[in-house]
Amino acid sequence: MTTVLSISRPSRMTRCGQCVRDRFLILAWSALLGLVSGAACVGVRLGLHALQWIFVQRAGMLPDAAAALSPVRRMLTPVAGAALATAVVRAAGRWSRAGYFEGYVEAVRYREGRIPFAPTLWRTVSSAFSIATGAAIGREGSMIQFAAAVASWVGEHSPGERSPFRAPALSRQVAWGAAAAVAAVYQTPLAGVFFAMEIVLGAWEWTEVPQLLVASFAGWFVTRAILGSGPLFAVTGPLSLSWQVLWALPLAILLGFAGPAYRGLLRSLHSARRWPLALLWSGLVVGALSLLQPAVWGNGDAALMRTLESAPALWSIAAVLAARLIATTFCVGTGTVGGVFTPTLFAGAAVGLAAGRLVHSADPVLLAIVGLSVFLSAVTHAPVMAGLMAVELTGQWHLLPLLLIMNVVSWCTARRVSPRSLYDIATPSPAEVESTLRRI
């Protein structure tokens, strides 16, 4: 009996020590992937700044650069960027053996996390020319895609079988990289965690939370150390909650219905990708609209900042929103490489601020933040991520309980209209994936 106990105790202790070591190694690996993904995002952003300087000789936000240009240059610069973006795509198709492009959501859900690096790199270069010259598309799309591709490449080259470290599934590693990328792009580490769970993984996998947290904060640390810190769209001073906050409920329901309509609008010109020199048409539309509204240039960050900081007049909000919706729809329809996350944030905030103006709210910026949050929830079907994104971007943490409740309302409303989210634009159904695999 004594002999058996003396043998079993070391065995249990060994197993316990092994579990602790394995857990530590996994967390360390997630931190490494977070640092790499964050560095990839910072690298793309610095490259975009350099290209912007080459084209417009101005740093800062693109609408400010557009306003400083002559009308002719403001009109032609997006067209020139679209032409170069088209040239990159055609060169990649003709001379590169880049292979099949894979989005990070599809890669995690259907391809075990494998993202071919070369096609992603070519698309990132194409996107850089479009974004740096004013395309009304989000730069975050190509940044997160590139970071996820880097994470996939690093994960595929993780330590081999002879190493004591056993790497987790590649799909999980790519999800960690995506969380870190969102944290790096928006300086929102908590929203990055739930972006990975609600959108990338598509499930609440709580066992992944420690790794996602470590990776997300590592990515946030990189961008904070290199580019500076602070909420990107900080609203100075706490917003007081009064009886007027009751307007948040009808606003959440309204934007819940608007979410599927917005998704449909972005898909409405999908056939434009077959037009000759399709990207040039989007450049032409952006250039023409920017003659009326320079705020059309870029991903909408300048318009969003102005909405939250200065609460512009109703007519001004409506004009910028209409022009940006047209421009973004053309960019998405013609196949401009980029995302629509930031344009969606602005659209929600603009409608919320307009609602605040219409009901004569004493603090219309409060409804702008509510609009930003509930519209993002309705469009992405990710209510927790949307709430955390809103408070991390604005610094208004005391609004989180209200935003989470309103986000659930808008999310449920949107799901009753359509079960598909914005990210289902790129994500095929399982039947479509099986059909594609058979053809390959």
# chains A, B, ... in the order shown; residues from 1 in each chain; ligands from 1
>>> residues_around(residues="Ala31 of chain A", least_positions_apart="2", cutoff="10 Å", atoms="only C-alpha atoms", output="PyMOL selection string")
chain A and resi 25-29+33-37+176-177+180+211-219
>>> write_last_selection(atoms="C-alpha atoms", output="PDB file, in the first residue's frame")
ATOM      1  CA  LEU A  25       3.278  27.734 -23.205  1.00  0.00           C
ATOM      2  CA  ILE A  26      -0.106  28.224 -24.889  1.00  0.00           C
ATOM      3  CA  LEU A  27      -0.560  31.630 -23.269  1.00  0.00           C
ATOM      4  CA  ALA A  28       2.989  32.593 -24.233  1.00  0.00           C
ATOM      5  CA  TRP A  29       2.294  31.522 -27.824  1.00  0.00           C
ATOM      6  CA  LEU A  33       0.821  35.846 -32.062  1.00  0.00           C
ATOM      7  CA  GLY A  34      -0.765  38.977 -30.597  1.00  0.00           C
ATOM      8  CA  LEU A  35       2.502  40.893 -30.811  1.00  0.00           C
ATOM      9  CA  VAL A  36       3.087  39.722 -34.396  1.00  0.00           C
ATOM     10  CA  SER A  37      -0.469  40.592 -35.476  1.00  0.00           C
ATOM     11  CA  TRP A 176      -6.202  34.994 -31.641  1.00  0.00           C
ATOM     12  CA  GLY A 177      -4.455  36.966 -34.369  1.00  0.00           C
ATOM     13  CA  ALA A 180      -5.120  41.201 -31.614  1.00  0.00           C
ATOM     14  CA  GLN A 211      -5.737  33.113 -24.992  1.00  0.00           C
ATOM     15  CA  LEU A 212      -7.886  35.735 -26.708  1.00  0.00           C
ATOM     16  CA  LEU A 213      -7.360  38.172 -23.839  1.00  0.00           C
ATOM     17  CA  VAL A 214      -3.599  37.705 -23.859  1.00  0.00           C
ATOM     18  CA  ALA A 215      -3.354  38.028 -27.652  1.00  0.00           C
ATOM     19  CA  SER A 216      -5.695  41.016 -27.788  1.00  0.00           C
ATOM     20  CA  PHE A 217      -3.871  42.968 -25.093  1.00  0.00           C
ATOM     21  CA  ALA A 218      -0.538  42.116 -26.734  1.00  0.00           C
ATOM     22  CA  GLY A 219      -1.754  43.578 -30.042  1.00  0.00           C
TER      23      GLY A 219
END
>>> residues_around(residues="Ala151 of chain A", least_positions_apart="2", cutoff="10 Å", atoms="only C-alpha atoms", output="number ranges by chain")
A: 30, 32-37, 40, 113-115, 117, 145-149, 153-157, 170-171, 173-178, 180-181
>>> atom_distance(atom1="atom CA of Ala136 of chain A", atom2="atom CA of Leu393 of chain A")
20.6 Å
>>> residues_around(residues="Ser268 of chain A", least_positions_apart="2", cutoff="12 Å", atoms="only C-alpha atoms", output="PyMOL selection string")
chain A and resi 261-266+270-273+325-326+328-334+425
>>> residues_around(residues="Thr413 of chain A", least_positions_apart="6", cutoff="7 Å", atoms="only C-alpha atoms", output="ChimeraX atom specification")
/A:253,256-257
>>> write_last_selection(atoms="all heavy atoms", output="compact mmCIF listing (two decimals), in the first residue's frame")
# COMPACT_ATOMS: atom_id res chain seq x y z
N ILE A 253 -34.70 49.93 -32.02
CA ILE A 253 -35.61 49.18 -32.89
C ILE A 253 -35.49 49.66 -34.33
O ILE A 253 -35.43 48.84 -35.27
CB ILE A 253 -37.06 49.32 -32.37
CG1 ILE A 253 -37.19 48.69 -30.98
CG2 ILE A 253 -38.04 48.68 -33.35
CD1 ILE A 253 -38.53 48.94 -30.31
N GLY A 256 -32.33 48.50 -35.73
CA GLY A 256 -32.41 47.05 -35.90
C GLY A 256 -33.03 46.68 -37.24
O GLY A 256 -32.55 45.77 -37.93
N PHE A 257 -34.07 47.41 -37.63
CA PHE A 257 -34.65 47.20 -38.96
C PHE A 257 -33.72 47.70 -40.06
O PHE A 257 -33.68 47.14 -41.16
CB PHE A 257 -36.00 47.93 -39.06
CG PHE A 257 -37.13 47.21 -38.40
CD1 PHE A 257 -37.69 47.71 -37.23
CD2 PHE A 257 -37.64 46.04 -38.93
CE1 PHE A 257 -38.74 47.04 -36.60
CE2 PHE A 257 -38.69 45.36 -38.32
CZ PHE A 257 -39.24 45.86 -37.14
>>> closest_residue(among="A:Ala68, A:Ala83, A:Met197, A:Ala91", to="Arg109 of chain A", atoms="only C-alpha atoms")
A:Met197
>>> atom_distance(atom1="atom CA of Gly387 of chain A", atom2="atom CA of Ile144 of chain A")
19.9 Å
>>> closest_residue(among="A:Ile226, A:Val245, A:Ala278, A:Ala183", to="Thr336 of chain A", atoms="only C-alpha atoms")
A:Ala278
>>> closest_residue(among="A:Ser229, A:Thr394, A:Thr120, A:Ser290", to="Leu304 of chain A", atoms="only C-alpha atoms")
A:Thr394
>>> select_by_dssp(residues="segment 32-238 of chain A", states="helix (DSSP H, G or I)", output="number ranges by chain")
A: 32-56, 62-68, 71-95, 104-110, 117-132, 140-156, 170-186, 189-201, 206-227
>>> atom_distance(atom1="atom CA of Thr344 of chain A", atom2="atom CA of Pro71 of chain A")
27.4 Å
>>> decode(residues="segment 100-135 of chain A", atoms="N, CA, C and O atoms", output="mmCIF file, in the first residue's frame")
data_model
loop_
_atom_site.group_PDB
_atom_site.id
_atom_site.type_symbol
_atom_site.label_atom_id
_atom_site.label_comp_id
_atom_site.auth_asym_id
_atom_site.auth_seq_id
_atom_site.Cartn_x
_atom_site.Cartn_y
_atom_site.Cartn_z
ATOM 1 N N TYR A 100 -5.345 30.914 -54.374
ATOM 2 C CA TYR A 100 -6.711 31.269 -54.018
ATOM 3 C C TYR A 100 -6.732 32.123 -52.758
ATOM 4 O O TYR A 100 -6.104 31.793 -51.762
ATOM 5 N N PHE A 101 -7.447 33.245 -52.823
ATOM 6 C CA PHE A 101 -7.568 34.122 -51.654
ATOM 7 C C PHE A 101 -8.566 33.541 -50.664
ATOM 8 O O PHE A 101 -9.602 32.998 -51.052
ATOM 9 N N GLU A 102 -8.260 33.679 -49.378
ATOM 10 C CA GLU A 102 -9.133 33.171 -48.326
ATOM 11 C C GLU A 102 -9.314 34.233 -47.257
ATOM 12 O O GLU A 102 -8.341 34.725 -46.677
ATOM 13 N N GLY A 103 -10.551 34.638 -47.000
ATOM 14 C CA GLY A 103 -10.836 35.568 -45.908
ATOM 15 C C GLY A 103 -10.654 34.893 -44.569
ATOM 16 O O GLY A 103 -10.795 33.669 -44.439
ATOM 17 N N TYR A 104 -10.366 35.684 -43.543
ATOM 18 C CA TYR A 104 -10.033 35.077 -42.252
ATOM 19 C C TYR A 104 -11.237 34.409 -41.583
ATOM 20 O O TYR A 104 -11.078 33.405 -40.886
ATOM 21 N N VAL A 105 -12.454 34.921 -41.810
ATOM 22 C CA VAL A 105 -13.629 34.273 -41.227
ATOM 23 C C VAL A 105 -13.848 32.909 -41.871
ATOM 24 O O VAL A 105 -14.059 31.897 -41.190
ATOM 25 N N GLU A 106 -13.791 32.863 -43.207
ATOM 26 C CA GLU A 106 -13.941 31.589 -43.914
ATOM 27 C C GLU A 106 -12.823 30.623 -43.538
ATOM 28 O O GLU A 106 -13.053 29.420 -43.387
ATOM 29 N N ALA A 107 -11.603 31.149 -43.399
ATOM 30 C CA ALA A 107 -10.462 30.287 -43.083
ATOM 31 C C ALA A 107 -10.648 29.611 -41.729
ATOM 32 O O ALA A 107 -10.380 28.416 -41.572
ATOM 33 N N VAL A 108 -11.119 30.358 -40.742
ATOM 34 C CA VAL A 108 -11.304 29.795 -39.403
ATOM 35 C C VAL A 108 -12.440 28.780 -39.390
ATOM 36 O O VAL A 108 -12.330 27.704 -38.797
ATOM 37 N N ARG A 109 -13.520 29.089 -40.090
ATOM 38 C CA ARG A 109 -14.699 28.224 -39.996
ATOM 39 C C ARG A 109 -14.655 27.029 -40.942
ATOM 40 O O ARG A 109 -15.202 25.969 -40.636
ATOM 41 N N TYR A 110 -14.005 27.191 -42.098
ATOM 42 C CA TYR A 110 -14.107 26.148 -43.117
ATOM 43 C C TYR A 110 -12.770 25.601 -43.607
ATOM 44 O O TYR A 110 -12.740 24.558 -44.247
ATOM 45 N N ARG A 111 -11.667 26.285 -43.358
ATOM 46 C CA ARG A 111 -10.381 25.884 -43.926
ATOM 47 C C ARG A 111 -9.339 25.581 -42.873
ATOM 48 O O ARG A 111 -8.145 25.622 -43.144
ATOM 49 N N GLU A 112 -9.776 25.335 -41.648
ATOM 50 C CA GLU A 112 -8.877 24.982 -40.545
ATOM 51 C C GLU A 112 -7.831 26.072 -40.288
ATOM 52 O O GLU A 112 -6.743 25.800 -39.796
ATOM 53 N N GLY A 113 -8.164 27.310 -40.651
ATOM 54 C CA GLY A 113 -7.284 28.424 -40.356
ATOM 55 C C GLY A 113 -6.213 28.707 -41.394
ATOM 56 O O GLY A 113 -5.387 29.599 -41.197
ATOM 57 N N ARG A 114 -6.208 27.997 -42.502
ATOM 58 C CA ARG A 114 -5.150 28.201 -43.511
ATOM 59 C C ARG A 114 -5.498 29.393 -44.413
ATOM 60 O O ARG A 114 -6.491 29.386 -45.118
ATOM 61 N N ILE A 115 -4.642 30.401 -44.375
ATOM 62 C CA ILE A 115 -4.808 31.592 -45.207
ATOM 63 C C ILE A 115 -3.554 31.728 -46.068
ATOM 64 O O ILE A 115 -2.477 32.028 -45.550
ATOM 65 N N PRO A 116 -3.652 31.491 -47.373
ATOM 66 C CA PRO A 116 -2.475 31.688 -48.238
ATOM 67 C C PRO A 116 -1.964 33.120 -48.113
ATOM 68 O O PRO A 116 -2.728 34.078 -48.248
ATOM 69 N N PHE A 117 -0.673 33.262 -47.865
ATOM 70 C CA PHE A 117 -0.120 34.579 -47.580
ATOM 71 C C PHE A 117 0.009 35.446 -48.831
ATOM 72 O O PHE A 117 -0.293 36.640 -48.809
ATOM 73 N N ALA A 118 0.451 34.873 -49.941
ATOM 74 C CA ALA A 118 0.743 35.669 -51.143
ATOM 75 C C ALA A 118 -0.482 36.422 -51.663
ATOM 76 O O ALA A 118 -0.399 37.635 -51.919
ATOM 77 N N PRO A 119 -1.641 35.783 -51.849
ATOM 78 C CA PRO A 119 -2.794 36.558 -52.340
ATOM 79 C C PRO A 119 -3.234 37.641 -51.367
ATOM 80 O O PRO A 119 -3.684 38.712 -51.785
ATOM 81 N N THR A 120 -3.094 37.367 -50.075
ATOM 82 C CA THR A 120 -3.426 38.400 -49.092
ATOM 83 C C THR A 120 -2.487 39.592 -49.214
ATOM 84 O O THR A 120 -2.904 40.756 -49.135
ATOM 85 N N LEU A 121 -1.212 39.321 -49.434
ATOM 86 C CA LEU A 121 -0.239 40.406 -49.592
ATOM 87 C C LEU A 121 -0.569 41.262 -50.809
ATOM 88 O O LEU A 121 -0.549 42.503 -50.737
ATOM 89 N N TRP A 122 -0.884 40.629 -51.927
ATOM 90 C CA TRP A 122 -1.229 41.376 -53.137
ATOM 91 C C TRP A 122 -2.472 42.236 -52.908
ATOM 92 O O TRP A 122 -2.539 43.394 -53.328
ATOM 93 N N ARG A 123 -3.468 41.681 -52.260
ATOM 94 C CA ARG A 123 -4.704 42.428 -51.995
ATOM 95 C C ARG A 123 -4.445 43.590 -51.033
ATOM 96 O O ARG A 123 -5.059 44.650 -51.144
ATOM 97 N N THR A 124 -3.535 43.390 -50.088
ATOM 98 C CA THR A 124 -3.196 44.468 -49.161
ATOM 99 C C THR A 124 -2.534 45.624 -49.900
ATOM 100 O O THR A 124 -2.823 46.802 -49.633
ATOM 101 N N VAL A 125 -1.670 45.305 -50.848
ATOM 102 C CA VAL A 125 -1.019 46.356 -51.648
ATOM 103 C C VAL A 125 -2.065 47.087 -52.492
ATOM 104 O O VAL A 125 -2.065 48.333 -52.579
ATOM 105 N N SER A 126 -2.960 46.329 -53.123
ATOM 106 C CA SER A 126 -4.026 46.952 -53.914
ATOM 107 C C SER A 126 -4.883 47.862 -53.041
ATOM 108 O O SER A 126 -5.200 48.997 -53.408
ATOM 109 N N SER A 127 -5.244 47.366 -51.858
ATOM 110 C CA SER A 127 -6.051 48.150 -50.933
ATOM 111 C C SER A 127 -5.333 49.412 -50.507
ATOM 112 O O SER A 127 -5.954 50.475 -50.361
ATOM 113 N N ALA A 128 -4.023 49.322 -50.319
ATOM 114 C CA ALA A 128 -3.251 50.487 -49.871
ATOM 115 C C ALA A 128 -3.349 51.631 -50.871
ATOM 116 O O ALA A 128 -3.512 52.800 -50.482
ATOM 117 N N PHE A 129 -3.278 51.335 -52.161
ATOM 118 C CA PHE A 129 -3.394 52.387 -53.172
ATOM 119 C C PHE A 129 -4.791 53.018 -53.146
ATOM 120 O O PHE A 129 -4.931 54.239 -53.283
ATOM 121 N N SER A 130 -5.815 52.194 -52.971
ATOM 122 C CA SER A 130 -7.180 52.734 -52.933
ATOM 123 C C SER A 130 -7.388 53.602 -51.697
ATOM 124 O O SER A 130 -7.896 54.723 -51.784
ATOM 125 N N ILE A 131 -6.981 53.074 -50.541
ATOM 126 C CA ILE A 131 -7.249 53.767 -49.279
ATOM 127 C C ILE A 131 -6.454 55.064 -49.177
ATOM 128 O O ILE A 131 -6.970 56.103 -48.753
ATOM 129 N N ALA A 132 -5.189 55.033 -49.584
ATOM 130 C CA ALA A 132 -4.339 56.221 -49.462
ATOM 131 C C ALA A 132 -4.781 57.349 -50.377
ATOM 132 O O ALA A 132 -4.391 58.506 -50.165
ATOM 133 N N THR A 133 -5.612 57.040 -51.374
ATOM 134 C CA THR A 133 -6.079 58.075 -52.299
ATOM 135 C C THR A 133 -7.547 58.412 -52.106
ATOM 136 O O THR A 133 -8.171 59.011 -52.983
ATOM 137 N N GLY A 134 -8.113 58.006 -50.960
ATOM 138 C CA GLY A 134 -9.427 58.509 -50.598
ATOM 139 C C GLY A 134 -10.603 57.576 -50.784
ATOM 140 O O GLY A 134 -11.741 58.010 -50.570
ATOM 141 N N ALA A 135 -10.416 56.332 -51.187
ATOM 142 C CA ALA A 135 -11.552 55.425 -51.371
ATOM 143 C C ALA A 135 -12.407 55.387 -50.110
ATOM 144 O O ALA A 135 -11.891 55.327 -48.991
#
